[in-house]
file start-v1.txt (compact mmCIF, C-alpha atoms)
# COMPACT_ATOMS: atom_id res chain seq x y z
CA MET A 378 26.59 10.67 32.83
CA THR A 379 24.81 8.30 35.17
CA GLY A 380 24.61 4.53 35.09
CA PRO A 381 22.35 2.48 32.79
CA ARG A 382 18.67 3.33 32.87
CA SER A 383 15.72 1.58 31.29
CA PRO A 384 14.36 3.46 28.25
CA VAL A 385 10.57 3.68 27.96
CA ILE A 386 8.31 4.87 25.14
CA VAL A 387 5.57 7.00 26.66
CA ALA A 388 3.86 8.46 23.58
CA ALA A 389 3.64 7.25 19.99
CA ARG A 390 1.85 8.92 17.07
CA ARG A 391 1.94 8.87 13.29
CA THR A 392 0.36 10.51 10.30
CA PRO A 393 -2.05 8.57 8.14
CA ILE A 394 -0.03 6.88 5.41
CA GLY A 395 -0.73 8.29 1.97
CA THR A 396 -0.09 6.64 -1.37
CA ALA A 397 2.68 8.47 -3.24
CA GLY A 398 1.27 11.04 -5.64
CA ARG A 399 -2.13 11.20 -4.01
CA ALA A 400 -3.56 12.78 -0.84
CA LEU A 401 -0.26 13.90 0.72
CA HIS A 402 1.60 14.57 -2.51
CA GLU A 403 2.17 18.26 -1.79
CA LEU A 404 3.52 17.77 1.74
CA THR A 405 7.28 17.80 2.28
CA VAL A 406 9.07 15.76 4.91
CA THR A 407 8.93 18.81 7.18
CA ASP A 408 5.19 19.20 6.61
CA LEU A 409 4.71 15.55 7.59
CA ALA A 410 7.05 15.33 10.59
CA ALA A 411 6.49 18.67 12.33
CA PRO A 412 2.80 18.15 13.24
CA VAL A 413 3.54 14.73 14.72
CA LEU A 414 6.43 16.11 16.77
CA ARG A 415 4.15 18.86 18.12
CA VAL A 416 1.39 16.43 19.07
CA VAL A 417 3.78 14.06 20.83
CA VAL A 418 5.31 16.91 22.86
CA ASN A 419 1.88 18.23 23.79
CA GLU A 420 0.77 14.76 24.89
CA LEU A 421 3.68 14.54 27.30
CA GLY A 422 2.28 17.45 29.27
CA THR A 423 5.66 18.33 30.74
CA SER A 424 8.11 21.20 30.63
CA GLN A 425 10.99 18.74 30.52
CA PRO A 426 13.35 19.78 27.73
CA VAL A 427 13.75 17.59 24.66
CA ASN A 428 17.38 16.52 24.42
CA ASP A 429 17.31 15.70 20.70
CA VAL A 430 15.11 14.81 17.75
CA ILE A 431 16.26 11.74 15.80
CA LEU A 432 14.47 10.91 12.56
CA GLY A 433 15.06 8.33 9.87
CA ASN A 434 14.83 9.42 6.24
CA CYS A 435 16.01 7.87 2.97
CA MET A 436 15.22 9.96 -0.10
CA GLY A 437 16.05 13.55 0.69
CA PRO A 438 15.96 16.51 0.56
CA GLY A 439 18.96 16.54 2.90
CA GLY A 440 19.78 19.49 5.11
CA ASN A 441 19.28 17.44 8.31
CA VAL A 442 15.56 16.69 8.07
CA ALA A 443 15.26 16.14 11.83
CA ARG A 444 16.63 19.58 12.70
CA VAL A 445 14.43 21.34 10.16
CA ALA A 446 11.35 19.49 11.39
CA ALA A 447 12.19 20.25 15.04
CA LEU A 448 12.40 23.96 14.27
CA ALA A 449 9.19 23.85 12.23
CA ALA A 450 7.46 22.09 15.13
CA GLY A 451 8.33 25.00 17.41
CA LEU A 452 10.60 23.00 19.71
CA GLY A 453 13.02 25.91 19.84
CA PRO A 454 16.55 26.51 18.56
CA GLY A 455 18.07 24.73 21.55
CA VAL A 456 16.78 21.33 20.41
CA PRO A 457 19.22 19.75 17.94
CA GLY A 458 18.40 17.14 15.32
CA LEU A 459 19.95 14.01 13.87
CA THR A 460 18.87 12.38 10.61
CA VAL A 461 19.53 8.65 10.26
CA ASP A 462 19.75 6.58 7.08
CA ARG A 463 19.62 2.82 7.46
CA GLN A 464 17.26 2.70 4.51
CA CYS A 465 13.87 1.15 5.37
CA GLY A 466 15.10 0.35 8.88
CA SER A 467 15.89 4.02 9.54
CA GLY A 468 12.85 4.83 11.66
CA LEU A 469 13.40 1.87 13.95
CA GLU A 470 17.12 2.57 14.14
CA ALA A 471 16.35 6.14 15.21
CA ILE A 472 14.30 4.80 18.13
CA ASN A 473 17.07 2.39 19.07
CA LEU A 474 19.59 5.24 19.08
CA ALA A 475 17.32 7.28 21.35
CA ALA A 476 16.89 4.30 23.68
CA GLY A 477 20.65 3.85 23.84
CA LEU A 478 21.17 7.50 24.74
CA VAL A 479 18.59 7.29 27.53
CA ARG A 480 20.14 4.05 28.79
CA ALA A 481 23.59 5.64 28.82
CA GLY A 482 22.37 8.66 30.75
CA ALA A 483 23.15 11.14 27.98
CA GLY A 484 19.69 12.70 28.25
CA ASP A 485 16.22 12.24 29.67
CA LEU A 486 13.85 12.81 26.76
CA TYR A 487 14.21 12.13 23.05
CA LEU A 488 11.77 12.30 20.17
CA ALA A 489 12.58 9.62 17.62
CA GLY A 490 11.03 8.11 14.53
CA GLY A 491 11.07 8.65 10.81
CA VAL A 492 9.58 10.45 7.86
CA GLU A 493 9.38 9.95 4.12
CA SER A 494 7.76 11.90 1.31
CA ALA A 495 8.21 9.80 -1.80
CA SER A 496 5.97 12.32 -3.55
CA THR A 497 8.31 15.28 -3.00
CA ALA A 498 11.69 13.51 -3.01
CA PRO A 499 13.99 15.47 -5.32
CA LEU A 500 14.93 14.05 -8.70
CA ARG A 501 18.67 13.40 -8.90
CA PHE A 502 21.01 12.54 -11.75
CA TRP A 503 24.44 10.97 -12.14
CA PRO A 504 26.74 13.37 -14.01
CA GLY A 505 27.42 12.52 -17.64
CA ASP A 506 26.54 13.41 -21.18
CA PRO A 507 23.64 12.93 -21.07
CA PRO A 508 23.00 12.76 -17.30
CA VAL A 509 21.49 9.50 -16.04
CA GLN A 510 18.67 9.65 -13.53
CA TYR A 511 19.59 8.33 -10.10
CA SER A 512 16.80 5.83 -9.41
CA ARG A 513 17.94 4.44 -6.06
CA ALA A 514 20.97 4.22 -3.84
CA PRO A 515 23.39 1.34 -4.38
CA PHE A 516 23.09 -1.08 -1.47
CA ALA A 517 26.32 -2.94 -2.27
CA PRO A 518 29.51 -2.18 -4.22
CA PRO A 519 30.18 -3.34 -7.79
CA GLY A 520 30.90 -7.07 -7.90
CA THR A 521 28.55 -7.79 -4.97
CA PRO A 522 24.90 -8.74 -5.53
CA ASP A 523 22.63 -5.71 -5.41
CA PRO A 524 19.28 -6.91 -6.76
CA GLY A 525 16.11 -4.90 -7.01
CA MET A 526 13.93 -5.52 -4.00
CA GLY A 527 11.13 -7.11 -6.04
CA ALA A 528 13.40 -9.58 -7.80
CA ALA A 529 15.09 -10.39 -4.49
CA ALA A 530 11.70 -11.05 -2.90
CA ASP A 531 10.82 -13.43 -5.73
CA ARG A 532 14.04 -15.33 -5.09
CA VAL A 533 13.45 -15.55 -1.34
CA ALA A 534 9.87 -16.74 -1.88
CA ALA A 535 10.98 -19.41 -4.37
CA GLU A 536 13.78 -20.68 -2.14
CA GLY A 537 11.44 -20.73 0.86
CA GLY A 538 8.74 -22.62 -1.00
CA ILE A 539 6.23 -19.79 -0.50
CA SER A 540 3.47 -20.31 -3.05
CA ARG A 541 1.71 -17.55 -4.96
CA GLU A 542 -1.56 -18.56 -3.29
CA ARG A 543 -0.09 -18.18 0.17
CA GLN A 544 1.32 -14.76 -0.69
CA ASP A 545 -1.99 -13.53 -2.05
CA ALA A 546 -3.83 -14.84 1.01
CA TYR A 547 -1.40 -13.00 3.29
CA ALA A 548 -1.85 -9.78 1.31
CA ALA A 549 -5.63 -10.07 1.48
CA ARG A 550 -5.32 -10.63 5.23
CA SER A 551 -3.26 -7.44 5.61
CA HIS A 552 -5.92 -5.34 3.89
CA ALA A 553 -8.78 -6.97 5.81
CA LEU A 554 -7.08 -6.39 9.16
CA ALA A 555 -6.28 -2.78 8.31
CA VAL A 556 -9.91 -2.11 7.44
CA THR A 557 -11.47 -3.89 10.43
CA GLY A 558 -8.83 -2.58 12.84
CA PHE A 559 -9.08 1.08 11.87
CA ASP A 560 -10.98 2.10 15.01
CA ASP A 561 -8.14 0.75 17.15
CA MET A 562 -5.61 2.69 15.06
CA ARG A 563 -7.53 5.96 15.13
CA ALA A 564 -5.94 7.09 18.43
CA GLU A 565 -2.45 6.92 16.97
CA LEU A 566 -3.20 9.13 13.96
CA VAL A 567 -2.35 12.80 13.53
CA PRO A 568 -4.38 14.06 10.54
CA VAL A 569 -2.34 16.03 8.00
CA GLY A 570 -3.14 17.53 4.63
CA GLY A 571 -6.84 16.84 5.10
CA LEU A 572 -6.21 13.09 5.40
CA ASP A 573 -7.47 11.37 8.56
CA HIS A 574 -7.16 7.70 7.53
CA ASP A 575 -4.66 5.44 5.83
CA GLU A 576 -5.23 5.79 2.11
CA ARG A 577 -4.26 2.38 0.73
CA PRO A 578 -6.33 -0.37 2.48
CA ARG A 579 -9.09 -1.96 0.40
CA ALA A 580 -12.16 -3.49 2.04
CA ARG A 581 -13.04 -6.05 -0.62
CA LEU A 582 -9.62 -7.10 -1.83
CA THR A 583 -9.71 -10.90 -1.83
CA ALA A 584 -7.06 -13.49 -2.52
CA ALA A 585 -9.02 -14.49 -5.63
CA ARG A 586 -8.84 -10.96 -7.01
CA LEU A 587 -5.16 -10.70 -6.17
CA GLY A 588 -4.60 -13.98 -7.96
CA ARG A 589 -5.48 -12.37 -11.29
CA LEU A 590 -2.53 -9.96 -11.19
CA PRO A 591 0.57 -10.72 -13.26
CA ALA A 592 4.07 -11.15 -11.89
CA ALA A 593 5.59 -7.71 -11.38
CA PHE A 594 9.33 -8.28 -11.26
CA VAL A 595 10.37 -11.69 -12.61
CA PRO A 596 8.72 -13.44 -15.57
CA GLY A 597 6.71 -16.33 -14.17
CA GLY A 598 7.41 -15.13 -10.62
CA THR A 599 5.04 -14.99 -7.67
CA VAL A 600 5.55 -11.42 -6.46
CA THR A 601 2.93 -8.99 -7.81
CA ALA A 602 1.84 -5.43 -7.24
CA GLY A 603 -0.96 -6.84 -5.10
CA ASN A 604 1.16 -8.86 -2.66
CA SER A 605 3.77 -6.11 -2.34
CA CYS A 606 3.76 -2.85 -0.39
CA GLY A 607 2.98 0.54 -1.92
CA VAL A 608 5.32 3.52 -2.23
CA SER A 609 4.04 5.98 0.34
CA ASP A 610 4.27 9.21 2.31
CA GLY A 611 4.11 9.47 6.09
CA ALA A 612 5.78 10.13 9.43
CA ALA A 613 5.88 8.46 12.85
CA VAL A 614 7.34 9.67 16.15
CA VAL A 615 7.71 8.28 19.66
CA ALA A 616 8.89 9.87 22.90
CA VAL A 617 11.62 7.95 24.74
CA THR A 618 12.34 8.68 28.41
CA HIS A 619 12.84 6.65 31.63
CA GLY A 620 11.43 6.06 35.09
CA VAL A 621 7.74 5.94 34.13
CA PRO A 622 5.30 3.28 32.86
CA GLY A 623 4.93 2.71 29.15
CA LEU A 624 6.51 0.50 26.52
CA ARG A 625 9.95 -0.46 27.76
CA VAL A 626 12.66 -0.86 25.13
CA VAL A 627 14.32 -4.05 26.35
CA ASP A 628 16.99 -4.69 23.73
CA TRP A 629 17.80 -4.30 20.05
CA GLN A 630 20.03 -5.86 17.41
CA VAL A 631 21.34 -5.06 13.94
CA SER A 632 22.75 -7.84 11.80
CA GLY A 633 24.24 -8.25 8.34
CA GLY A 634 23.25 -10.97 5.89
CA ASP A 635 23.46 -11.93 2.23
CA PRO A 636 23.01 -8.86 -0.03
CA ALA A 637 21.41 -11.14 -2.62
CA ARG A 638 18.65 -12.07 -0.15
CA PRO A 639 17.86 -8.87 1.74
CA GLY A 640 14.30 -9.92 2.54
CA ILE A 641 15.38 -12.49 5.11
CA ALA A 642 18.21 -10.44 6.62
CA LEU A 643 16.08 -9.67 9.68
CA VAL A 644 16.19 -13.35 10.67
CA PRO A 645 19.68 -13.32 12.26
CA ALA A 646 18.88 -10.06 14.06
CA VAL A 647 15.71 -11.53 15.59
CA ARG A 648 17.45 -14.79 16.49
CA ALA A 649 20.30 -12.99 18.23
CA LEU A 650 17.87 -10.77 20.12
CA LEU A 651 15.73 -13.66 21.33
CA ASP A 652 18.74 -15.79 22.26
CA ARG A 653 20.40 -13.01 24.23
CA ASN A 654 17.22 -12.48 26.25
CA GLY A 655 16.49 -16.17 26.80
CA LEU A 656 13.29 -16.14 24.76
CA LEU A 657 11.62 -18.34 22.19
CA ALA A 658 9.60 -16.97 19.28
CA GLY A 659 6.40 -18.17 20.94
CA ASP A 660 7.10 -16.01 24.00
CA VAL A 661 6.45 -12.83 22.00
CA GLY A 662 2.76 -12.01 21.74
CA ALA A 663 2.87 -9.00 19.40
CA VAL A 664 5.04 -8.84 16.29
CA GLU A 665 5.28 -6.03 13.74
CA ILE A 666 7.36 -6.65 10.60
CA THR A 667 7.67 -4.29 7.67
CA GLU A 668 5.57 -6.03 5.03
CA ALA A 669 7.59 -5.08 1.98
CA PHE A 670 6.52 -8.27 0.19
CA ALA A 671 4.24 -11.06 1.39
CA GLY A 672 6.64 -13.77 0.21
CA GLN A 673 9.52 -12.19 2.08
CA VAL A 674 7.54 -11.82 5.31
CA LEU A 675 6.28 -15.40 5.15
CA ALA A 676 9.80 -16.73 4.52
CA CYS A 677 10.99 -14.88 7.64
CA LEU A 678 8.11 -16.17 9.76
CA ASP A 679 8.80 -19.74 8.62
CA LEU A 680 12.52 -19.47 9.40
CA LEU A 681 11.86 -17.98 12.84
CA GLY A 682 8.88 -20.15 13.79
CA ILE A 683 6.63 -17.13 14.40
CA ASP A 684 2.88 -17.69 14.27
CA GLU A 685 1.27 -15.50 11.60
CA LYS A 686 -1.64 -14.81 13.97
CA VAL A 687 0.44 -12.46 16.15
CA VAL A 688 1.94 -10.52 13.21
CA CYS A 689 0.66 -7.11 12.07
CA THR A 690 -2.80 -7.65 13.52
CA GLY A 691 -3.93 -4.24 12.31
CA GLY A 692 -2.52 -4.79 8.85
CA GLY A 693 0.98 -4.03 7.68
CA ALA A 694 2.78 -2.21 4.91
CA ILE A 695 1.09 -4.25 2.18
CA ALA A 696 -2.18 -2.62 3.20
CA LEU A 697 -1.02 0.59 4.88
CA GLY A 698 1.90 1.47 2.62
CA HIS A 699 5.67 1.73 3.05
CA PRO A 700 7.02 5.26 3.67
CA TRP A 701 10.61 3.96 3.72
CA GLY A 702 12.33 6.12 6.35
CA ALA A 703 9.24 6.11 8.57
CA SER A 704 8.19 2.47 8.28
CA GLY A 705 10.31 1.14 11.14
CA ALA A 706 8.89 3.79 13.45
CA VAL A 707 5.36 2.95 12.29
CA LEU A 708 6.00 -0.57 13.62
CA MET A 709 6.75 0.86 17.07
CA VAL A 710 3.67 3.09 17.03
CA ARG A 711 1.59 0.03 16.18
CA LEU A 712 3.18 -1.93 19.06
CA PHE A 713 2.47 0.95 21.45
CA THR A 714 -1.19 0.89 20.45
CA ARG A 715 -1.48 -2.89 20.63
CA MET A 716 0.40 -3.35 23.89
CA VAL A 717 -0.13 -0.16 25.93
CA LEU A 718 -3.28 1.59 24.71
CA LEU A 719 -5.15 -1.70 24.24
CA ASP A 720 -3.50 -3.44 27.22
CA GLY A 721 -2.23 -6.21 24.97
CA PRO A 722 0.59 -8.78 25.13
CA ALA A 723 3.45 -8.33 27.57
CA LEU A 724 6.23 -8.77 25.00
CA GLY A 725 6.53 -7.32 21.51
CA LEU A 726 8.95 -7.37 18.60
CA ALA A 727 9.53 -4.95 15.72
CA ALA A 728 11.73 -6.01 12.81
CA CYS A 729 12.75 -4.70 9.39
CA ALA A 730 14.63 -6.30 6.50
CA ILE A 731 16.80 -3.75 4.72
CA GLY A 732 18.31 -3.40 1.27
CA GLY A 733 21.90 -4.57 1.10
CA GLY A 734 21.25 -7.52 3.40
CA LEU A 735 20.75 -5.84 6.78
CA GLY A 736 18.22 -6.54 9.48
CA VAL A 737 17.19 -4.59 12.57
CA ALA A 738 15.00 -5.84 15.42
CA THR A 739 13.80 -4.35 18.70
CA LEU A 740 12.30 -6.12 21.70
CA VAL A 741 9.81 -4.24 23.88
CA ALA A 742 7.80 -5.00 27.01
CA ARG A 743 4.68 -3.46 28.51
CA SER A 744 5.59 -1.87 31.85

call {"tool": "encode", "arguments": {"input": "start-v1.txt", "output": "C-alpha cells"}}
result
Amino acid sequence: MTGPRSPVIVAARRTPIGTAGRALHELTVTDLAAPVLRVVVNELGTSQPVNDVILGNCMGPGGNVARVAALAAGLGPGVPGLTVDRQCGSGLEAINLAAGLVRAGAGDLYLAGGVESASTAPLRFWPGDPPVQYSRAPFAPPGTPDPGMGAAADRVAAEGGISRERQDAYAARSHALAVTGFDDMRAELVPVGGLDHDERPRARLTAARLGRLPAAFVPGGTVTAGNSCGVSDGAAVVAVTHGVPGLRVVDWQVSGGDPARPGIALVPAVRALLDRNGLLAGDVGAVEITEAFAGQVLACLDLLGIDEKVVCTGGGAIALGHPWGASGAVLMVRLFTRMVLLDGPALGLAACAIGGGLGVATLVARS
C-alpha cells in the first residue's frame, strides 16, 4: 500500500427513479444496477481495472447484489463485489468506503453507489403458526425506541416547531424544482425499462393542494403522503479514483443519535464534519439531503443553520422518490451534476438520516 491519496469522483450516473409498482416494477436490483455500472465504465474511457464494486441495498434479494450486478454488467469475473447495508444511508456509505480504500492505497478505481427495487423485494415471514409477515427490519432492540419513520417524523416536526404549512410549502418546492430542473438532470440519467425521466414529480402540485391531504401517520399530525417521500425503484453509481480533476471526496462522518428521533440523526454527523474541516454551514454552497419527510428535513436545516435555498435545488426525494439503498448515492450524483457538470459551488455536502438514529454525511469539493 502507498500513503494517503485524495479520492475523486470522476463519473456519476443514475437510473430514472420509478414509483414502486409502476414503470420499473418488473426490474430486479440487477436489472437496475448493471446498466448504470456499464455506462459509468464506458464513460471512463480507460482500460484501468476496476478494483471492486460496492453497492448499498436494503431489501434483498441477498446473494451479494454488488457481485451479481458486476457480473451482469460484463465487468468480468475478476471484479469482486461488496453489498453494504446502512439502511437508507447505504448508497452514501458505499461511496465513503470506496473513497477510504482509494485514500489508503488499496486500489485505484472503485465503482460505488446503491440500488433498490422495492417492487421486486422478496416477501419474508417470521416463523410461527401462522407465519407473520416481516414488514421491515428492526432498527433497535426490544426495550429501545424503534418508531415507524412517519411517526418519528411527526415527532421531530412537532418538537422543532415545523408547521404543516411550512412542510407543504417545502414539498411543493421539491416538485417544482424537479420539474423545472429536469434538463439539468438529463445528463445524469441512464434510461432503463423504457423510462427516461423520474416518474414521481408533479408540475402543478401546490402547497394549497397538499394542504388538503390528511395526516398519514399520527392522528392530528402534520406529516402526510404529500409532504413525504415515495417508495421507489432505482440505482446510482459513481466512479472513485485519484490524481485527476473531478469531485474530490474531502471527508465523511457517521454518527449515532436518539433512536426515537432518527430524522435529525444526521445533525451530529454534519456538525462533526464541518467542525473537523474548519467550516461553517454557510461555507457550503450545494447541499443534498435525503428528503424522507419535509418536516424532518426542515428540522435538520434549522438545527444546522443551513439556508434552504442551497438544498436539493433540482428537487429531492419528496419529488423524485426514495429508493432506500440507492438514495444516498443519488445525492452524490446530484452533487456531481450541480458542482462539476454545471460548474457550480466549490463545496458540497451530502447527508442522510437513517432508521435507528444514525446519520451519515460526506463533504466534497470541486477540483

call {"tool": "atom_distance", "arguments": {"input": "start-v1.txt", "atom1": "atom CA of Val509 of chain A", "atom2": "atom CA of Ile731 of chain A"}}
result
25.1 Å

call {"tool": "closest_residue", "arguments": {"input": "start-v1.txt", "among": "A:Asp506, A:Asp652, A:Glu493, A:Asp628", "to": "Gly439 of chain A", "atoms": "all atoms listed in the file"}}
result
A:Glu493

call {"tool": "atom_distance", "arguments": {"input": "start-v1.txt", "atom1": "atom CA of Gly437 of chain A", "atom2": "atom CA of Ala411 of chain A"}}
result
15.9 Å

call {"tool": "closest_residue", "arguments": {"input": "start-v1.txt", "among": "A:Ala612, A:Leu735, A:Ile666, A:Leu566", "to": "Gly633 of chain A", "atoms": "only C-alpha atoms"}}
result
A:Leu735

call {"tool": "closest_residue", "arguments": {"input": "start-v1.txt", "among": "A:Leu488, A:Leu401, A:Leu421, A:Val627", "to": "Arg444 of chain A", "atoms": "all atoms listed in the file"}}
result
A:Leu488

call {"tool": "closest_residue", "arguments": {"input": "start-v1.txt", "among": "A:Asp485, A:Gly491, A:Ala475, A:Arg563", "to": "Pro700 of chain A", "atoms": "all atoms listed in the file"}}
result
A:Gly491

call {"tool": "residues_around", "arguments": {"input": "start-v1.txt", "residues": "Ala514 of chain A", "least_positions_apart": "2", "cutoff": "10 Å", "atoms": "all atoms listed in the file", "output": "list in words"}}
result
Cys435, Met436, Gln464, Tyr511, Ser512, Phe516, Ala517 and Gly732 of chain A

call {"tool": "residues_around", "arguments": {"input": "start-v1.txt", "residues": "Ala498 of chain A", "least_positions_apart": "3", "cutoff": "12 Å", "atoms": "only C-alpha atoms", "output": "PDB file with C-alpha atoms, keeping the file's coordinate frame"}}
result
ATOM      1  CA  ALA A 397       2.680   8.470  -3.240  1.00  0.00           C
ATOM      2  CA  GLY A 398       1.270  11.040  -5.640  1.00  0.00           C
ATOM      3  CA  HIS A 402       1.600  14.570  -2.510  1.00  0.00           C
ATOM      4  CA  GLU A 403       2.170  18.260  -1.790  1.00  0.00           C
ATOM      5  CA  LEU A 404       3.520  17.770   1.740  1.00  0.00           C
ATOM      6  CA  THR A 405       7.280  17.800   2.280  1.00  0.00           C
ATOM      7  CA  VAL A 406       9.070  15.760   4.910  1.00  0.00           C
ATOM      8  CA  THR A 407       8.930  18.810   7.180  1.00  0.00           C
ATOM      9  CA  ASN A 434      14.830   9.420   6.240  1.00  0.00           C
ATOM     10  CA  CYS A 435      16.010   7.870   2.970  1.00  0.00           C
ATOM     11  CA  MET A 436      15.220   9.960  -0.100  1.00  0.00           C
ATOM     12  CA  GLY A 437      16.050  13.550   0.690  1.00  0.00           C
ATOM     13  CA  PRO A 438      15.960  16.510   0.560  1.00  0.00           C
ATOM     14  CA  GLY A 439      18.960  16.540   2.900  1.00  0.00           C
ATOM     15  CA  VAL A 492       9.580  10.450   7.860  1.00  0.00           C
ATOM     16  CA  GLU A 493       9.380   9.950   4.120  1.00  0.00           C
ATOM     17  CA  SER A 494       7.760  11.900   1.310  1.00  0.00           C
ATOM     18  CA  ALA A 495       8.210   9.800  -1.800  1.00  0.00           C
ATOM     19  CA  ARG A 501      18.670  13.400  -8.900  1.00  0.00           C
ATOM     20  CA  TYR A 511      19.590   8.330 -10.100  1.00  0.00           C
ATOM     21  CA  SER A 512      16.800   5.830  -9.410  1.00  0.00           C
ATOM     22  CA  ARG A 513      17.940   4.440  -6.060  1.00  0.00           C
ATOM     23  CA  VAL A 608       5.320   3.520  -2.230  1.00  0.00           C
ATOM     24  CA  SER A 609       4.040   5.980   0.340  1.00  0.00           C
ATOM     25  CA  ASP A 610       4.270   9.210   2.310  1.00  0.00           C
ATOM     26  CA  PRO A 700       7.020   5.260   3.670  1.00  0.00           C
ATOM     27  CA  TRP A 701      10.610   3.960   3.720  1.00  0.00           C
ATOM     28  CA  GLY A 702      12.330   6.120   6.350  1.00  0.00           C
TER      29      GLY A 702
END

call {"tool": "closest_residue", "arguments": {"input": "start-v1.txt", "among": "A:Leu724, A:Ala593, A:Ala694, A:Ala738", "to": "Val644 of chain A", "atoms": "all atoms listed in the file"}}
result
A:Ala738

call {"tool": "residues_around", "arguments": {"input": "start-v1.txt", "residues": "Pro515 of chain A", "least_positions_apart": "5", "cutoff": "10 Å", "atoms": "all atoms listed in the file", "output": "list in words"}}
result
Asp523, Pro524, Gly525, Gly732 and Gly733 of chain A

call {"tool": "residues_around", "arguments": {"input": "start-v1.txt", "residues": "Gly451 of chain A", "least_positions_apart": "2", "cutoff": "12 Å", "atoms": "only C-alpha atoms", "output": "ChimeraX atom specification"}}
result
/A:407,410-416,418-419,427,444-449,453-456

call {"tool": "write_last_selection", "arguments": {"input": "start-v1.txt", "atoms": "C-alpha atoms", "output": "tab-separated table (two decimals), keeping the file's coordinate frame"}}
result
chain	number	residue	atom	x	y	z
A	407	THR	CA	8.93	18.81	7.18
A	410	ALA	CA	7.05	15.33	10.59
A	411	ALA	CA	6.49	18.67	12.33
A	412	PRO	CA	2.80	18.15	13.24
A	413	VAL	CA	3.54	14.73	14.72
A	414	LEU	CA	6.43	16.11	16.77
A	415	ARG	CA	4.15	18.86	18.12
A	416	VAL	CA	1.39	16.43	19.07
A	418	VAL	CA	5.31	16.91	22.86
A	419	ASN	CA	1.88	18.23	23.79
A	427	VAL	CA	13.75	17.59	24.66
A	444	ARG	CA	16.63	19.58	12.70
A	445	VAL	CA	14.43	21.34	10.16
A	446	ALA	CA	11.35	19.49	11.39
A	447	ALA	CA	12.19	20.25	15.04
A	448	LEU	CA	12.40	23.96	14.27
A	449	ALA	CA	9.19	23.85	12.23
A	453	GLY	CA	13.02	25.91	19.84
A	454	PRO	CA	16.55	26.51	18.56
A	455	GLY	CA	18.07	24.73	21.55
A	456	VAL	CA	16.78	21.33	20.41

call {"tool": "residues_around", "arguments": {"input": "start-v1.txt", "residues": "Gly458 of chain A", "least_positions_apart": "2", "cutoff": "6 Å", "atoms": "all atoms listed in the file", "output": "ChimeraX atom specification"}}
result
/A:429-431,443-444

call {"tool": "atom_distance", "arguments": {"input": "start-v1.txt", "atom1": "atom CA of Gly598 of chain A", "atom2": "atom CA of Ala730 of chain A"}}
result
20.6 Å

call {"tool": "decode", "arguments": {"input": "start-v1.txt", "residues": "segment 482-493 of chain A", "atoms": "N, CA, C and O atoms", "output": "CSV table (one decimal), in the first residue's frame"}}
result
chain,number,residue,atom,x,y,z
A,482,GLY,N,-4.8,3.6,-0.4
A,482,GLY,CA,-3.9,3.0,-1.4
A,482,GLY,C,-4.2,1.5,-1.7
A,482,GLY,O,-3.4,0.8,-2.3
A,483,ALA,N,-5.4,1.1,-1.3
A,483,ALA,CA,-5.8,-0.3,-1.5
A,483,ALA,C,-6.1,-0.6,-3.0
A,483,ALA,O,-6.0,-1.8,-3.4
A,484,GLY,N,-6.5,0.4,-3.7
A,484,GLY,CA,-6.8,0.3,-5.1
A,484,GLY,C,-6.9,1.6,-5.8
A,484,GLY,O,-6.8,2.7,-5.1
A,485,ASP,N,-7.1,1.6,-7.1
A,485,ASP,CA,-7.1,2.8,-7.9
A,485,ASP,C,-8.4,3.2,-8.5
A,485,ASP,O,-8.6,4.4,-8.8
A,486,LEU,N,-9.3,2.3,-8.6
A,486,LEU,CA,-10.6,2.6,-9.2
A,486,LEU,C,-11.7,1.7,-8.6
A,486,LEU,O,-11.6,0.5,-8.6
A,487,TYR,N,-12.7,2.4,-8.1
A,487,TYR,CA,-13.9,1.7,-7.5
A,487,TYR,C,-15.2,2.2,-8.1
A,487,TYR,O,-15.3,3.4,-8.4
A,488,LEU,N,-16.1,1.3,-8.3
A,488,LEU,CA,-17.5,1.8,-8.6
A,488,LEU,C,-18.3,1.6,-7.4
A,488,LEU,O,-18.3,0.5,-6.8
A,489,ALA,N,-19.0,2.6,-7.0
A,489,ALA,CA,-19.7,2.6,-5.7
A,489,ALA,C,-21.1,3.3,-5.9
A,489,ALA,O,-21.2,4.3,-6.7
A,490,GLY,N,-22.0,2.9,-5.1
A,490,GLY,CA,-23.3,3.5,-5.1
A,490,GLY,C,-24.4,2.7,-4.5
A,490,GLY,O,-24.1,2.1,-3.4
A,491,GLY,N,-25.5,2.6,-5.0
A,491,GLY,CA,-26.6,1.8,-4.4
A,491,GLY,C,-27.7,1.5,-5.4
A,491,GLY,O,-27.8,2.0,-6.4
A,492,VAL,N,-28.6,0.5,-4.9
A,492,VAL,CA,-29.7,0.1,-5.8
A,492,VAL,C,-30.8,-0.4,-4.9
A,492,VAL,O,-30.5,-1.0,-3.8
A,493,GLU,N,-32.0,-0.2,-5.3
A,493,GLU,CA,-33.2,-0.7,-4.6
A,493,GLU,C,-34.3,-1.0,-5.6
A,493,GLU,O,-34.6,-0.1,-6.4
